[in-house]
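Undergrad: To start, I am sharing the structure in question, which I have written as structure tokens.
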Amino acid sequence: MSSDIWSLMATAEARPDGRRGARAGRIVRVTDEAIERIRQIIMSGEWGPGTRLPRESDLAARLGLSRNSLREAVRALSLLRVLEVRQGDGTYVSSLEPDLLLESTRFVSHLLADRTVIEVFEVRRLLEPAAAALASVRMDEKEHATLRRELDRVLAATNVEQLVEADAAFHATVAQASGNSVLSSLLESLSTQTMRARMWRARLEKGALDATKAEHSRIYEAIDAHDPELARTVAAAHVANSEHWLRVEMAAIEADKPSAH
């Protein structure tokens with residue numbers, strides 16, 4: 001939903017008489033209806049990636065909407081990367097590629113509260129093993145060489161910043177090698193939110209750097225052996241270790257007790 005709509009809603013809530021609230025509510029509902037109708041047309045296959053939308057007046061008439069409502073819907077869908085507005089050329093359906101459509105997820109992940117990071121780790125623990133298992137049977141020679149380079153960076157890291165950067169690149173390579181673009185995009189967005197926690201652990205926990213390096217080596221070896229079940233197991237253990245550490249730390253903080261580390 002566009003920032004203009006949010007402004008209307010905020011203004012409406014500020015009015016004590018409720019009249020502006022009712023008007024803003026109608027605007028929001030009409031815009032939501034316009035978004036839904038456009039979505040249905042795209043899902044039907046009538047408009048595919050790269051399709052140029054009809055002229056504004058023609059489309060508004062077809063959908064039974066005012067041109068203002070249609071503009072708000074187009075603006076909202078362009079923010080979500082579903083539509084692409086080209087000045088002087090018209091409005092087009094985007095490529096609809098997962099990495100494009102899930103771009104907003106990466107942005108929103110920065111806004112999650114600290115406690116939510118544990119839930120993000122839970123999701124990573126479900127998805128990372130699947131990505132590793134798929135990569136073990138789908139990875140091509142080029143991706144394999146890239147993964148080897150990223151592992152070498154992990155092993156060569158001498159400080160927290162280097163390790164976390166190499167760690168993120170290693171996992172991104174595994175996700176991309178899974179051959180599933182949706183899975184890869186989801187994991188990229190989740191990795192952003194857990195990076196601070198990983199740096200926290202690396203700074204505070206004695207031996208964390210060496211343990212992390214060993215865990216990455218085991219993941220690489222399982223993928224290199226084309227053993228999906230082993231890859232699944234070691235990847236799950238890797239994420240679970242970080243999740244367990246964070247749970248202990250968060251529990252200590254919430255109990256207002258000195259940290260174990």
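Following the order of the structure tokens, first chain is A, next is B, and so on, with residues numbered from 1 inside each chain and ligands from 1 in the order they appear.
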Give me, as a VMD selection string, all polymer residues having an atom no more than 10 Å from region 223-228 of chain A, counting only C-alpha atoms and skipping those fewer than 3 positions away in the same chain.
TA: chain A and resid 129 to 139 144 147 to 148 174 217 to 220 231 to 233
Undergrad: Determine which residues of region 23-254 of chain A receive a DSSP assignment of strand (DSSP E), computed from the backbone, and state them as a PyMOL selection string.
TA: chain A and resi 83-86+90-93
Undergrad: Calculated over only C-alpha atoms, which of the candidates A:Thr212, A:Ser189, A:Asn68, A:Ser181 has the smallest distance to Ala157 (chain A)?
TA: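 Closest residue, counting only C-alpha atoms: A:Thr212.
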Undergrad: Of the candidates A:Leu53, A:Ala175, A:Ala34, A:Ala60, which shows the shortest atom-to-atom distance to Ser191 (chain A), using only C-alpha atoms?
TA: A:Ala175
Undergrad: Between CA of Glu215 (chain A) and CA of His244 (chain A), what is the distance in Å, rounded to a tenth?
TA: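 Straight-line distance from CA of Glu215 (chain A) to CA of His244 (chain A) works out to 15.0 Å.
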